[in-house]
Structures are given as structure tokens and as C-alpha cells.
file query.txt (compact mmCIF, N, CA and C atoms)
# COMPACT_ATOMS: atom_id res chain seq x y z
N GLN S 107 16.56 -11.36 4.90
CA GLN S 107 15.44 -11.60 4.00
C GLN S 107 14.33 -10.61 4.31
N VAL S 108 13.87 -9.90 3.28
CA VAL S 108 12.82 -8.91 3.47
C VAL S 108 11.50 -9.60 3.76
N GLN S 109 10.82 -9.09 4.76
CA GLN S 109 9.47 -9.58 5.07
C GLN S 109 8.55 -8.39 5.27
N LEU S 110 7.37 -8.49 4.70
CA LEU S 110 6.33 -7.47 4.85
C LEU S 110 5.15 -8.12 5.55
N VAL S 111 4.71 -7.51 6.63
CA VAL S 111 3.60 -8.08 7.40
C VAL S 111 2.51 -7.04 7.55
N GLU S 112 1.36 -7.33 6.96
CA GLU S 112 0.22 -6.42 7.03
C GLU S 112 -0.65 -6.72 8.25
N SER S 113 -1.33 -5.69 8.71
CA SER S 113 -2.29 -5.85 9.80
C SER S 113 -3.30 -4.71 9.72
N GLY S 114 -4.36 -4.83 10.49
CA GLY S 114 -5.33 -3.75 10.57
C GLY S 114 -6.61 -3.95 9.79
N GLY S 115 -6.67 -5.03 9.03
CA GLY S 115 -7.90 -5.29 8.29
C GLY S 115 -9.05 -5.63 9.22
N GLY S 116 -10.24 -5.63 8.67
CA GLY S 116 -11.41 -5.96 9.47
C GLY S 116 -12.68 -5.72 8.71
N SER S 117 -13.77 -5.69 9.43
CA SER S 117 -15.08 -5.52 8.84
C SER S 117 -15.69 -4.21 9.32
N VAL S 118 -16.12 -3.38 8.39
CA VAL S 118 -16.74 -2.10 8.72
C VAL S 118 -17.98 -1.90 7.86
N GLN S 119 -18.79 -0.94 8.25
CA GLN S 119 -19.95 -0.58 7.45
C GLN S 119 -19.55 0.51 6.45
N THR S 120 -20.37 0.66 5.45
CA THR S 120 -20.16 1.71 4.46
C THR S 120 -20.02 3.06 5.17
N GLY S 121 -19.01 3.81 4.76
CA GLY S 121 -18.73 5.08 5.38
C GLY S 121 -17.75 5.01 6.53
N GLY S 122 -17.40 3.81 6.94
CA GLY S 122 -16.48 3.64 8.04
C GLY S 122 -15.04 3.82 7.65
N SER S 123 -14.16 3.60 8.64
CA SER S 123 -12.73 3.82 8.43
C SER S 123 -11.92 2.64 8.97
N LEU S 124 -10.77 2.45 8.36
CA LEU S 124 -9.80 1.47 8.83
C LEU S 124 -8.41 2.01 8.58
N ARG S 125 -7.47 1.55 9.39
CA ARG S 125 -6.07 1.91 9.18
C ARG S 125 -5.25 0.63 9.07
N LEU S 126 -4.67 0.44 7.91
CA LEU S 126 -3.82 -0.72 7.67
C LEU S 126 -2.37 -0.37 7.94
N SER S 127 -1.63 -1.36 8.42
CA SER S 127 -0.20 -1.17 8.67
C SER S 127 0.58 -2.26 7.93
N CYS S 128 1.78 -1.92 7.53
CA CYS S 128 2.68 -2.88 6.89
C CYS S 128 4.06 -2.70 7.50
N ALA S 129 4.47 -3.66 8.29
CA ALA S 129 5.79 -3.60 8.92
C ALA S 129 6.79 -4.31 8.03
N ALA S 130 7.84 -3.58 7.67
CA ALA S 130 8.85 -4.13 6.77
C ALA S 130 10.12 -4.44 7.55
N SER S 131 10.48 -5.71 7.56
CA SER S 131 11.72 -6.10 8.24
C SER S 131 12.79 -6.37 7.19
N GLU S 132 14.00 -5.95 7.48
CA GLU S 132 15.16 -6.13 6.62
C GLU S 132 15.04 -5.38 5.29
N TYR S 133 14.13 -4.44 5.20
CA TYR S 133 13.99 -3.63 3.98
C TYR S 133 14.73 -2.33 4.23
N ARG S 134 15.86 -2.15 3.59
CA ARG S 134 16.74 -1.03 3.89
C ARG S 134 16.86 -0.05 2.73
N ASN S 135 15.94 -0.09 1.82
CA ASN S 135 15.98 0.79 0.66
C ASN S 135 15.33 2.12 1.01
N ASN S 136 16.13 3.13 1.30
CA ASN S 136 15.56 4.43 1.68
C ASN S 136 15.36 5.34 0.48
N ARG S 137 15.40 4.77 -0.71
CA ARG S 137 15.04 5.50 -1.92
C ARG S 137 14.15 4.62 -2.78
N GLY S 138 13.42 3.75 -2.15
CA GLY S 138 12.59 2.80 -2.88
C GLY S 138 11.13 3.20 -2.90
N CYS S 139 10.31 2.26 -3.24
CA CYS S 139 8.86 2.45 -3.29
C CYS S 139 8.18 1.38 -2.46
N MET S 140 7.15 1.78 -1.78
CA MET S 140 6.26 0.84 -1.12
C MET S 140 4.85 1.20 -1.51
N GLY S 141 4.01 0.19 -1.55
CA GLY S 141 2.66 0.46 -2.01
C GLY S 141 1.64 -0.50 -1.44
N TRP S 142 0.40 -0.12 -1.63
CA TRP S 142 -0.73 -0.97 -1.25
C TRP S 142 -1.49 -1.35 -2.52
N PHE S 143 -1.83 -2.63 -2.58
CA PHE S 143 -2.59 -3.17 -3.69
C PHE S 143 -3.75 -3.97 -3.10
N ARG S 144 -4.79 -4.18 -3.88
CA ARG S 144 -5.93 -4.93 -3.35
C ARG S 144 -6.51 -5.83 -4.42
N GLN S 145 -7.17 -6.88 -3.94
CA GLN S 145 -7.81 -7.82 -4.86
C GLN S 145 -9.14 -8.24 -4.28
N ALA S 146 -10.19 -7.97 -5.04
CA ALA S 146 -11.53 -8.40 -4.66
C ALA S 146 -11.79 -9.78 -5.25
N PRO S 147 -12.69 -10.54 -4.64
CA PRO S 147 -12.99 -11.88 -5.18
C PRO S 147 -13.41 -11.83 -6.65
N GLY S 148 -12.78 -12.66 -7.46
CA GLY S 148 -13.13 -12.72 -8.86
C GLY S 148 -12.57 -11.61 -9.71
N LYS S 149 -11.76 -10.76 -9.11
CA LYS S 149 -11.19 -9.63 -9.86
C LYS S 149 -9.66 -9.69 -9.80
N GLU S 150 -9.05 -8.97 -10.72
CA GLU S 150 -7.60 -8.89 -10.72
C GLU S 150 -7.12 -7.94 -9.62
N ARG S 151 -5.92 -8.17 -9.19
CA ARG S 151 -5.33 -7.29 -8.19
C ARG S 151 -5.07 -5.92 -8.82
N GLU S 152 -5.34 -4.87 -8.05
CA GLU S 152 -5.15 -3.52 -8.57
C GLU S 152 -4.37 -2.68 -7.57
N ALA S 153 -3.74 -1.65 -8.11
CA ALA S 153 -2.96 -0.76 -7.26
C ALA S 153 -3.89 0.22 -6.54
N VAL S 154 -3.52 0.57 -5.33
CA VAL S 154 -4.30 1.51 -4.53
C VAL S 154 -3.52 2.80 -4.31
N ALA S 155 -2.31 2.68 -3.77
CA ALA S 155 -1.51 3.86 -3.46
C ALA S 155 -0.05 3.45 -3.30
N THR S 156 0.84 4.40 -3.60
CA THR S 156 2.27 4.15 -3.45
C THR S 156 2.92 5.34 -2.76
N ILE S 157 4.11 5.09 -2.21
CA ILE S 157 4.85 6.14 -1.56
C ILE S 157 6.34 5.85 -1.69
N THR S 158 7.12 6.89 -1.88
CA THR S 158 8.57 6.70 -1.91
C THR S 158 9.07 6.60 -0.47
N THR S 159 10.11 5.84 -0.26
CA THR S 159 10.67 5.72 1.09
C THR S 159 11.76 6.77 1.34
N THR S 160 11.84 7.73 0.43
CA THR S 160 12.73 8.87 0.61
C THR S 160 12.18 9.80 1.69
N SER S 161 12.98 10.79 2.07
CA SER S 161 12.51 11.74 3.07
C SER S 161 11.32 12.55 2.55
N ALA S 162 11.19 12.68 1.23
CA ALA S 162 10.07 13.43 0.65
C ALA S 162 8.74 12.68 0.80
N GLY S 163 8.80 11.36 0.79
CA GLY S 163 7.58 10.56 0.94
C GLY S 163 6.52 10.93 -0.10
N LEU S 164 6.92 10.93 -1.38
CA LEU S 164 5.97 11.30 -2.43
C LEU S 164 4.93 10.20 -2.61
N THR S 165 3.68 10.63 -2.72
CA THR S 165 2.57 9.68 -2.80
C THR S 165 1.86 9.73 -4.14
N TYR S 166 1.22 8.63 -4.44
CA TYR S 166 0.46 8.53 -5.69
C TYR S 166 -0.71 7.60 -5.44
N TYR S 167 -1.89 7.99 -5.95
CA TYR S 167 -3.11 7.25 -5.65
C TYR S 167 -3.86 6.84 -6.92
N ALA S 168 -4.54 5.72 -6.80
CA ALA S 168 -5.49 5.35 -7.85
C ALA S 168 -6.66 6.33 -7.78
N ASP S 169 -7.25 6.61 -8.92
CA ASP S 169 -8.36 7.58 -8.96
C ASP S 169 -9.51 7.16 -8.04
N SER S 170 -9.71 5.88 -7.90
CA SER S 170 -10.86 5.39 -7.13
C SER S 170 -10.75 5.68 -5.63
N VAL S 171 -9.55 6.00 -5.16
CA VAL S 171 -9.39 6.22 -3.71
C VAL S 171 -8.92 7.62 -3.37
N LYS S 172 -8.66 8.44 -4.37
CA LYS S 172 -8.20 9.80 -4.11
C LYS S 172 -9.18 10.55 -3.24
N GLY S 173 -8.66 11.24 -2.24
CA GLY S 173 -9.50 12.02 -1.35
C GLY S 173 -10.08 11.22 -0.20
N ARG S 174 -9.97 9.90 -0.27
CA ARG S 174 -10.51 9.05 0.80
C ARG S 174 -9.41 8.27 1.54
N PHE S 175 -8.39 7.88 0.82
CA PHE S 175 -7.30 7.09 1.39
C PHE S 175 -6.04 7.95 1.51
N THR S 176 -5.25 7.66 2.53
CA THR S 176 -3.97 8.33 2.71
C THR S 176 -2.89 7.31 3.03
N ILE S 177 -1.84 7.33 2.25
CA ILE S 177 -0.70 6.44 2.51
C ILE S 177 0.39 7.26 3.19
N SER S 178 1.07 6.64 4.14
CA SER S 178 2.16 7.32 4.84
C SER S 178 3.24 6.32 5.19
N HIS S 179 4.41 6.83 5.51
CA HIS S 179 5.55 5.97 5.80
C HIS S 179 6.30 6.52 7.00
N ASP S 180 6.45 5.68 8.00
CA ASP S 180 7.23 6.03 9.18
C ASP S 180 8.62 5.41 9.00
N ARG S 181 9.59 6.24 8.68
CA ARG S 181 10.93 5.72 8.35
C ARG S 181 11.59 5.11 9.58
N ALA S 182 11.32 5.68 10.74
CA ALA S 182 11.94 5.15 11.96
C ALA S 182 11.43 3.75 12.27
N LYS S 183 10.16 3.53 12.01
CA LYS S 183 9.56 2.22 12.29
C LYS S 183 9.58 1.31 11.08
N ASN S 184 9.98 1.86 9.94
CA ASN S 184 9.99 1.09 8.68
C ASN S 184 8.62 0.46 8.44
N THR S 185 7.62 1.29 8.59
CA THR S 185 6.23 0.83 8.47
C THR S 185 5.46 1.77 7.56
N VAL S 186 4.65 1.19 6.70
CA VAL S 186 3.78 1.94 5.81
C VAL S 186 2.33 1.78 6.28
N TYR S 187 1.59 2.86 6.23
CA TYR S 187 0.21 2.85 6.67
C TYR S 187 -0.72 3.21 5.52
N LEU S 188 -1.94 2.75 5.62
CA LEU S 188 -2.98 3.16 4.68
C LEU S 188 -4.21 3.51 5.50
N GLU S 189 -4.47 4.80 5.60
CA GLU S 189 -5.66 5.28 6.29
C GLU S 189 -6.79 5.31 5.28
N MET S 190 -7.85 4.58 5.57
CA MET S 190 -8.97 4.47 4.64
C MET S 190 -10.22 5.04 5.27
N ASN S 191 -10.77 6.07 4.67
CA ASN S 191 -11.99 6.71 5.16
C ASN S 191 -13.09 6.61 4.13
N SER S 192 -14.32 6.85 4.58
CA SER S 192 -15.47 6.82 3.67
C SER S 192 -15.48 5.54 2.84
N LEU S 193 -15.30 4.43 3.50
CA LEU S 193 -15.19 3.16 2.80
C LEU S 193 -16.50 2.79 2.10
N LYS S 194 -16.33 2.18 0.94
CA LYS S 194 -17.45 1.74 0.13
C LYS S 194 -17.39 0.22 -0.04
N PRO S 195 -18.48 -0.41 -0.37
CA PRO S 195 -18.46 -1.87 -0.59
C PRO S 195 -17.43 -2.28 -1.65
N GLU S 196 -17.23 -1.44 -2.64
CA GLU S 196 -16.26 -1.76 -3.69
C GLU S 196 -14.81 -1.66 -3.23
N ASP S 197 -14.59 -1.18 -2.02
CA ASP S 197 -13.23 -1.15 -1.46
C ASP S 197 -12.87 -2.47 -0.80
N ALA S 198 -13.82 -3.36 -0.66
CA ALA S 198 -13.57 -4.64 0.02
C ALA S 198 -12.60 -5.51 -0.78
N GLY S 199 -11.83 -6.30 -0.05
CA GLY S 199 -10.90 -7.21 -0.70
C GLY S 199 -9.72 -7.50 0.18
N MET S 200 -8.78 -8.24 -0.37
CA MET S 200 -7.53 -8.52 0.32
C MET S 200 -6.55 -7.41 -0.04
N TYR S 201 -5.98 -6.78 0.97
CA TYR S 201 -5.05 -5.70 0.76
C TYR S 201 -3.63 -6.19 1.00
N TYR S 202 -2.77 -5.93 0.01
CA TYR S 202 -1.39 -6.37 0.07
C TYR S 202 -0.44 -5.18 0.10
N CYS S 203 0.62 -5.35 0.85
CA CYS S 203 1.70 -4.39 0.89
C CYS S 203 2.83 -4.91 0.01
N ALA S 204 3.52 -4.00 -0.67
CA ALA S 204 4.61 -4.42 -1.54
C ALA S 204 5.73 -3.40 -1.52
N ALA S 205 6.92 -3.84 -1.91
CA ALA S 205 8.09 -2.96 -1.90
C ALA S 205 9.00 -3.29 -3.07
N THR S 206 9.74 -2.29 -3.51
CA THR S 206 10.64 -2.46 -4.65
C THR S 206 12.07 -2.66 -4.22
N THR S 207 12.89 -3.15 -5.15
CA THR S 207 14.31 -3.31 -4.89
C THR S 207 15.11 -2.14 -5.43
N TRP S 208 14.54 -1.40 -6.39
CA TRP S 208 15.31 -0.37 -7.06
C TRP S 208 15.09 1.00 -6.40
N ALA S 209 15.87 1.98 -6.80
CA ALA S 209 15.81 3.32 -6.23
C ALA S 209 15.12 4.29 -7.18
N VAL S 210 14.33 5.17 -6.62
CA VAL S 210 13.69 6.20 -7.44
C VAL S 210 14.63 7.38 -7.61
N GLY S 211 14.41 8.12 -8.68
CA GLY S 211 15.19 9.33 -8.89
C GLY S 211 14.63 10.48 -8.07
N PRO S 212 15.41 11.52 -7.88
CA PRO S 212 14.93 12.68 -7.11
C PRO S 212 13.65 13.25 -7.70
N GLY S 213 12.64 13.41 -6.88
CA GLY S 213 11.39 13.98 -7.36
C GLY S 213 10.47 13.00 -8.05
N ASP S 214 10.91 11.77 -8.22
CA ASP S 214 10.07 10.77 -8.89
C ASP S 214 9.02 10.21 -7.95
N TYR S 215 7.87 9.90 -8.53
CA TYR S 215 6.82 9.20 -7.80
C TYR S 215 6.94 7.70 -8.10
N CYS S 216 6.25 6.92 -7.31
CA CYS S 216 6.25 5.48 -7.53
C CYS S 216 5.03 5.09 -8.37
N ALA S 217 5.28 4.36 -9.41
CA ALA S 217 4.21 4.00 -10.32
C ALA S 217 3.26 2.98 -9.70
N LEU S 218 2.04 2.99 -10.19
CA LEU S 218 1.03 2.04 -9.74
C LEU S 218 1.11 0.76 -10.56
N ARG S 219 2.29 0.22 -10.69
CA ARG S 219 2.50 -0.97 -11.50
C ARG S 219 2.99 -2.11 -10.62
N GLN S 220 2.21 -3.17 -10.60
CA GLN S 220 2.53 -4.31 -9.73
C GLN S 220 3.82 -4.99 -10.13
N ASP S 221 4.12 -5.00 -11.41
CA ASP S 221 5.29 -5.73 -11.88
C ASP S 221 6.59 -5.11 -11.40
N LEU S 222 6.54 -3.88 -10.90
CA LEU S 222 7.75 -3.22 -10.43
C LEU S 222 8.09 -3.58 -8.99
N TYR S 223 7.18 -4.26 -8.32
CA TYR S 223 7.35 -4.54 -6.90
C TYR S 223 7.84 -5.97 -6.69
N ARG S 224 8.95 -6.08 -5.96
CA ARG S 224 9.60 -7.37 -5.78
C ARG S 224 9.12 -8.12 -4.54
N TYR S 225 8.88 -7.40 -3.47
CA TYR S 225 8.51 -8.04 -2.21
C TYR S 225 7.03 -7.82 -1.91
N TRP S 226 6.38 -8.86 -1.42
CA TRP S 226 4.94 -8.81 -1.15
C TRP S 226 4.63 -9.43 0.21
N GLY S 227 3.64 -8.85 0.88
CA GLY S 227 3.15 -9.43 2.11
C GLY S 227 2.06 -10.45 1.83
N GLN S 228 1.53 -11.03 2.90
CA GLN S 228 0.51 -12.06 2.78
C GLN S 228 -0.90 -11.49 2.68
N GLY S 229 -1.06 -10.24 3.01
CA GLY S 229 -2.35 -9.59 2.85
C GLY S 229 -3.15 -9.51 4.14
N THR S 230 -4.07 -8.57 4.16
CA THR S 230 -5.02 -8.42 5.26
C THR S 230 -6.38 -8.12 4.66
N GLN S 231 -7.40 -8.76 5.19
CA GLN S 231 -8.73 -8.72 4.59
C GLN S 231 -9.53 -7.51 5.06
N VAL S 232 -10.17 -6.85 4.11
CA VAL S 232 -11.06 -5.73 4.41
C VAL S 232 -12.45 -6.06 3.89
N THR S 233 -13.42 -5.96 4.76
CA THR S 233 -14.81 -6.22 4.39
C THR S 233 -15.62 -4.97 4.67
N VAL S 234 -16.42 -4.56 3.69
CA VAL S 234 -17.26 -3.37 3.85
C VAL S 234 -18.69 -3.78 3.56
N SER S 235 -19.53 -3.63 4.55
CA SER S 235 -20.93 -4.01 4.39
C SER S 235 -21.79 -2.78 4.13
N SER S 236 -22.81 -2.98 3.33
CA SER S 236 -23.69 -1.85 2.97
C SER S 236 -24.86 -1.75 3.93
call {"tool": "encode", "arguments": {"input": "query.txt", "output": "C-alpha cells"}}
result
Amino acid sequence: QVQLVESGGGSVQTGGSLRLSCAASEYRNNRGCMGWFRQAPGKEREAVATITTTSAGLTYYADSVKGRFTISHDRAKNTVYLEMNSLKPEDAGMYYCAATTWAVGPGDYCALRQDLYRYWGQGTQVTVSS
């Protein structure tokens, strides 16, 4: 049974940094997609960044985090990371890790669509104070 466990959340000031981790157990799709999504209080969950679990590790970002966040995947550890820099109050929320069951085609990126992701973690909280 696939399990995704997030960690690394916390409280930082505006401009600070955090590194989130998502450990995936029993997830053996080496041509799949993993991604980070977030939900602020009173708002809908939105996509943040995705990465293919292929050797290419193709990434895709929401416009709101481009240039500030970096997603990466350690295939040996089966863990996805989200390095978040220059954090803003609007980045605060619960951050979720997710993974797909299907395989991407060669050269394909992973879409920022929540409905495509089958497995979800419980989330880790990020608070950004101004």
C-alpha cells in the first residue's frame, strides 16, 4: 500500500526558507508524477510544483512560486523535496504531497492538476509571519 509522509513544515518569517520532504513507501512508479499542493484556510487547494519520477526529473511550477521554490526527487530514497525560499505570507497553508498511478510519456511534464493524482499524504503545515 502506497504511503506518502510529509515533513519539514514549520513557522518562518517573511523572506525565510523551509525544506519540505515527502517520503514515499511502496511507490514503485519510476515513470510517474509526484507533486506538491497547498491549501490555505478558506481557500481551495492549489498546485505548487510537480516532477516526473523518471531519470529526467522534469519539473513544472505554478507561476506564483517560480524562481522561489524548487522541487526535486531522490530516486534512491524515493523522496520528493520542496525547497522554499523568499517565503511570503501568501505561501502559508497545509502542504500536501501527491503521486500518480499512471506513466508519463518521454519528455512529458506532469500537469498541475489535482484530479490526476491518486495518492495523497496527510500534509505538513507552513506558517509565514509578516
call {"tool": "residues_around", "arguments": {"input": "query.txt", "residues": "range 169-181 of chain S", "least_positions_apart": "5", "cutoff": "6 Å", "atoms": "all atoms listed in the file", "output": "PDB file with N, CA and C atoms, keeping the file's coordinate frame"}}
result
ATOM      1  N   VAL S 186       4.650   1.190   6.700  1.00  0.00           N
ATOM      2  CA  VAL S 186       3.780   1.940   5.810  1.00  0.00           C
ATOM      3  C   VAL S 186       2.330   1.780   6.280  1.00  0.00           C
ATOM      4  N   TYR S 187       1.590   2.860   6.230  1.00  0.00           N
ATOM      5  CA  TYR S 187       0.210   2.850   6.670  1.00  0.00           C
ATOM      6  C   TYR S 187      -0.720   3.210   5.520  1.00  0.00           C
ATOM      7  N   LEU S 188      -1.940   2.750   5.620  1.00  0.00           N
ATOM      8  CA  LEU S 188      -2.980   3.160   4.680  1.00  0.00           C
ATOM      9  C   LEU S 188      -4.210   3.510   5.500  1.00  0.00           C
ATOM     10  N   GLU S 189      -4.470   4.800   5.600  1.00  0.00           N
ATOM     11  CA  GLU S 189      -5.660   5.280   6.290  1.00  0.00           C
ATOM     12  C   GLU S 189      -6.790   5.310   5.280  1.00  0.00           C
ATOM     13  N   MET S 190      -7.850   4.580   5.570  1.00  0.00           N
ATOM     14  CA  MET S 190      -8.970   4.470   4.640  1.00  0.00           C
ATOM     15  C   MET S 190     -10.220   5.040   5.270  1.00  0.00           C
ATOM     16  N   ASN S 191     -10.770   6.070   4.670  1.00  0.00           N
ATOM     17  CA  ASN S 191     -11.990   6.710   5.160  1.00  0.00           C
ATOM     18  C   ASN S 191     -13.090   6.610   4.130  1.00  0.00           C
ATOM     19  N   SER S 192     -14.320   6.850   4.580  1.00  0.00           N
ATOM     20  CA  SER S 192     -15.470   6.820   3.670  1.00  0.00           C
ATOM     21  C   SER S 192     -15.480   5.540   2.840  1.00  0.00           C
TER      22      SER S 192
END
call {"tool": "atom_distance", "arguments": {"input": "query.txt", "atom1": "CA of Leu164 in chain S", "atom2": "CA of Cys203 in chain S"}}
result
16.6 Å
call {"tool": "closest_residue", "arguments": {"input": "query.txt", "among": "S:Ser113, S:Gln228, S:Ser161, S:Thr156", "to": "Asn136 in chain S", "atoms": "all atoms listed in the file"}}
result
S:Ser161
call {"tool": "closest_atom_pairs", "arguments": {"input": "query.txt", "of": "range 147-202 of chain S", "to": "range 209-219 of chain S", "cutoff": "8 Å", "atoms": "all atoms listed in the file", "output": "tab-separated table"}}
result
residue	atom	partner	partner_atom	distance
S:Glu152	C	S:Leu218	C	7.1
S:Ala153	CA	S:Leu218	C	5.5
S:Val154	N	S:Leu218	CA	6.5
S:Ala155	C	S:Leu218	CA	6.7
S:Thr156	CA	S:Cys216	C	5.7
S:Ile157	C	S:Cys216	N	5.7
S:Thr158	N	S:Cys216	N	5.5
S:Thr159	N	S:Val210	N	7.7
S:Thr160	N	S:Val210	N	7.9
S:Ala162	CA	S:Gly213	N	8.0
S:Gly163	C	S:Tyr215	CA	7.9
S:Leu164	C	S:Tyr215	CA	5.6
S:Thr165	C	S:Cys216	N	6.1
S:Tyr166	N	S:Cys216	N	6.0
S:Tyr167	C	S:Leu218	CA	7.4
S:Ala168	N	S:Leu218	CA	7.3
call {"tool": "write_last_selection", "arguments": {"input": "query.txt", "atoms": "N, CA and C atoms", "output": "PDB file, keeping the file's coordinate frame"}}
result
ATOM      1  N   GLU S 152      -5.340  -4.870  -8.050  1.00  0.00           N
ATOM      2  CA  GLU S 152      -5.150  -3.520  -8.570  1.00  0.00           C
ATOM      3  C   GLU S 152      -4.370  -2.680  -7.570  1.00  0.00           C
ATOM      4  N   ALA S 153      -3.740  -1.650  -8.110  1.00  0.00           N
ATOM      5  CA  ALA S 153      -2.960  -0.760  -7.260  1.00  0.00           C
ATOM      6  C   ALA S 153      -3.890   0.220  -6.540  1.00  0.00           C
ATOM      7  N   VAL S 154      -3.520   0.570  -5.330  1.00  0.00           N
ATOM      8  CA  VAL S 154      -4.300   1.510  -4.530  1.00  0.00           C
ATOM      9  C   VAL S 154      -3.520   2.800  -4.310  1.00  0.00           C
ATOM     10  N   ALA S 155      -2.310   2.680  -3.770  1.00  0.00           N
ATOM     11  CA  ALA S 155      -1.510   3.860  -3.460  1.00  0.00           C
ATOM     12  C   ALA S 155      -0.050   3.450  -3.300  1.00  0.00           C
ATOM     13  N   THR S 156       0.840   4.400  -3.600  1.00  0.00           N
ATOM     14  CA  THR S 156       2.270   4.150  -3.450  1.00  0.00           C
ATOM     15  C   THR S 156       2.920   5.340  -2.760  1.00  0.00           C
ATOM     16  N   ILE S 157       4.110   5.090  -2.210  1.00  0.00           N
ATOM     17  CA  ILE S 157       4.850   6.140  -1.560  1.00  0.00           C
ATOM     18  C   ILE S 157       6.340   5.850  -1.690  1.00  0.00           C
ATOM     19  N   THR S 158       7.120   6.890  -1.880  1.00  0.00           N
ATOM     20  CA  THR S 158       8.570   6.700  -1.910  1.00  0.00           C
ATOM     21  C   THR S 158       9.070   6.600  -0.470  1.00  0.00           C
ATOM     22  N   THR S 159      10.110   5.840  -0.260  1.00  0.00           N
ATOM     23  CA  THR S 159      10.670   5.720   1.090  1.00  0.00           C
ATOM     24  C   THR S 159      11.760   6.770   1.340  1.00  0.00           C
ATOM     25  N   THR S 160      11.840   7.730   0.430  1.00  0.00           N
ATOM     26  CA  THR S 160      12.730   8.870   0.610  1.00  0.00           C
ATOM     27  C   THR S 160      12.180   9.800   1.690  1.00  0.00           C
ATOM     28  N   ALA S 162      11.190  12.680   1.230  1.00  0.00           N
ATOM     29  CA  ALA S 162      10.070  13.430   0.650  1.00  0.00           C
ATOM     30  C   ALA S 162       8.740  12.680   0.800  1.00  0.00           C
ATOM     31  N   GLY S 163       8.800  11.360   0.790  1.00  0.00           N
ATOM     32  CA  GLY S 163       7.580  10.560   0.940  1.00  0.00           C
ATOM     33  C   GLY S 163       6.520  10.930  -0.100  1.00  0.00           C
ATOM     34  N   LEU S 164       6.920  10.930  -1.380  1.00  0.00           N
ATOM     35  CA  LEU S 164       5.970  11.300  -2.430  1.00  0.00           C
ATOM     36  C   LEU S 164       4.930  10.200  -2.610  1.00  0.00           C
ATOM     37  N   THR S 165       3.680  10.630  -2.720  1.00  0.00           N
ATOM     38  CA  THR S 165       2.570   9.680  -2.800  1.00  0.00           C
ATOM     39  C   THR S 165       1.860   9.730  -4.140  1.00  0.00           C
ATOM     40  N   TYR S 166       1.220   8.630  -4.440  1.00  0.00           N
ATOM     41  CA  TYR S 166       0.460   8.530  -5.690  1.00  0.00           C
ATOM     42  C   TYR S 166      -0.710   7.600  -5.440  1.00  0.00           C
ATOM     43  N   TYR S 167      -1.890   7.990  -5.950  1.00  0.00           N
ATOM     44  CA  TYR S 167      -3.110   7.250  -5.650  1.00  0.00           C
ATOM     45  C   TYR S 167      -3.860   6.840  -6.920  1.00  0.00           C
ATOM     46  N   ALA S 168      -4.540   5.720  -6.800  1.00  0.00           N
ATOM     47  CA  ALA S 168      -5.490   5.350  -7.850  1.00  0.00           C
ATOM     48  C   ALA S 168      -6.660   6.330  -7.780  1.00  0.00           C
TER      49      ALA S 168
END
call {"tool": "closest_residue", "arguments": {"input": "query.txt", "among": "S:Val108, S:Leu222, S:Ala198, S:Ala129", "to": "Arg144 in chain S", "atoms": "only C-alpha atoms"}}
result
S:Ala198
call {"tool": "select_by_dssp", "arguments": {"input": "query.txt", "residues": "range 121-182 of chain S", "states": "strand (DSSP E)", "output": "ChimeraX atom specification"}}
result
/S:124-131,139-145,152-158,165-167,175-180
call {"tool": "atom_distance", "arguments": {"input": "query.txt", "atom1": "CA of Ser117 in chain S", "atom2": "CA of Arg151 in chain S"}}
result
19.7 Å
call {"tool": "atom_distance", "arguments": {"input": "query.txt", "atom1": "atom N of Leu193 in chain S", "atom2": "atom C of Val232 in chain S"}}
result
10.9 Å
call {"tool": "select_by_dssp", "arguments": {"input": "query.txt", "residues": "range 123-228 of chain S", "states": "helix (DSSP H, G or I)", "output": "list in words"}}
result
Pro195, Glu196, Asp197, Gln220, Asp221 and Leu222 of chain S
call {"tool": "closest_residue", "arguments": {"input": "query.txt", "among": "S:Thr185, S:Gly116, S:Glu150, S:Thr206", "to": "Thr233 in chain S", "atoms": "only N, CA and C atoms"}}
result
S:Gly116
call {"tool": "residues_around", "arguments": {"input": "query.txt", "residues": "Thr207 in chain S", "least_positions_apart": "5", "cutoff": "8 Å", "atoms": "only N, CA and C atoms", "output": "short mmCIF file (atom, residue, chain, number, x, y, z; two decimals) with N, CA and C atoms, in the frame of the given file"}}
result
data_model
loop_
_atom_site.label_atom_id
_atom_site.label_comp_id
_atom_site.auth_asym_id
_atom_site.auth_seq_id
_atom_site.Cartn_x
_atom_site.Cartn_y
_atom_site.Cartn_z
N ASN S 135 15.94 -0.09 1.82
CA ASN S 135 15.98 0.79 0.66
C ASN S 135 15.33 2.12 1.01
N ARG S 137 15.40 4.77 -0.71
CA ARG S 137 15.04 5.50 -1.92
C ARG S 137 14.15 4.62 -2.78
N GLY S 138 13.42 3.75 -2.15
CA GLY S 138 12.59 2.80 -2.88
C GLY S 138 11.13 3.20 -2.90
N CYS S 139 10.31 2.26 -3.24
CA CYS S 139 8.86 2.45 -3.29
C CYS S 139 8.18 1.38 -2.46
N LEU S 222 6.54 -3.88 -10.90
CA LEU S 222 7.75 -3.22 -10.43
C LEU S 222 8.09 -3.58 -8.99
N TYR S 223 7.18 -4.26 -8.32
CA TYR S 223 7.35 -4.54 -6.90
C TYR S 223 7.84 -5.97 -6.69
N ARG S 224 8.95 -6.08 -5.96
CA ARG S 224 9.60 -7.37 -5.78
C ARG S 224 9.12 -8.12 -4.54
N TYR S 225 8.88 -7.40 -3.47
CA TYR S 225 8.51 -8.04 -2.21
C TYR S 225 7.03 -7.82 -1.91
#
call {"tool": "residues_around", "arguments": {"input": "query.txt", "residues": "Gly229 in chain S", "least_positions_apart": "2", "cutoff": "6.5 Å", "atoms": "only N, CA and C atoms", "output": "ChimeraX atom specification"}}
result
/S:112-113,200-203,226-227,231
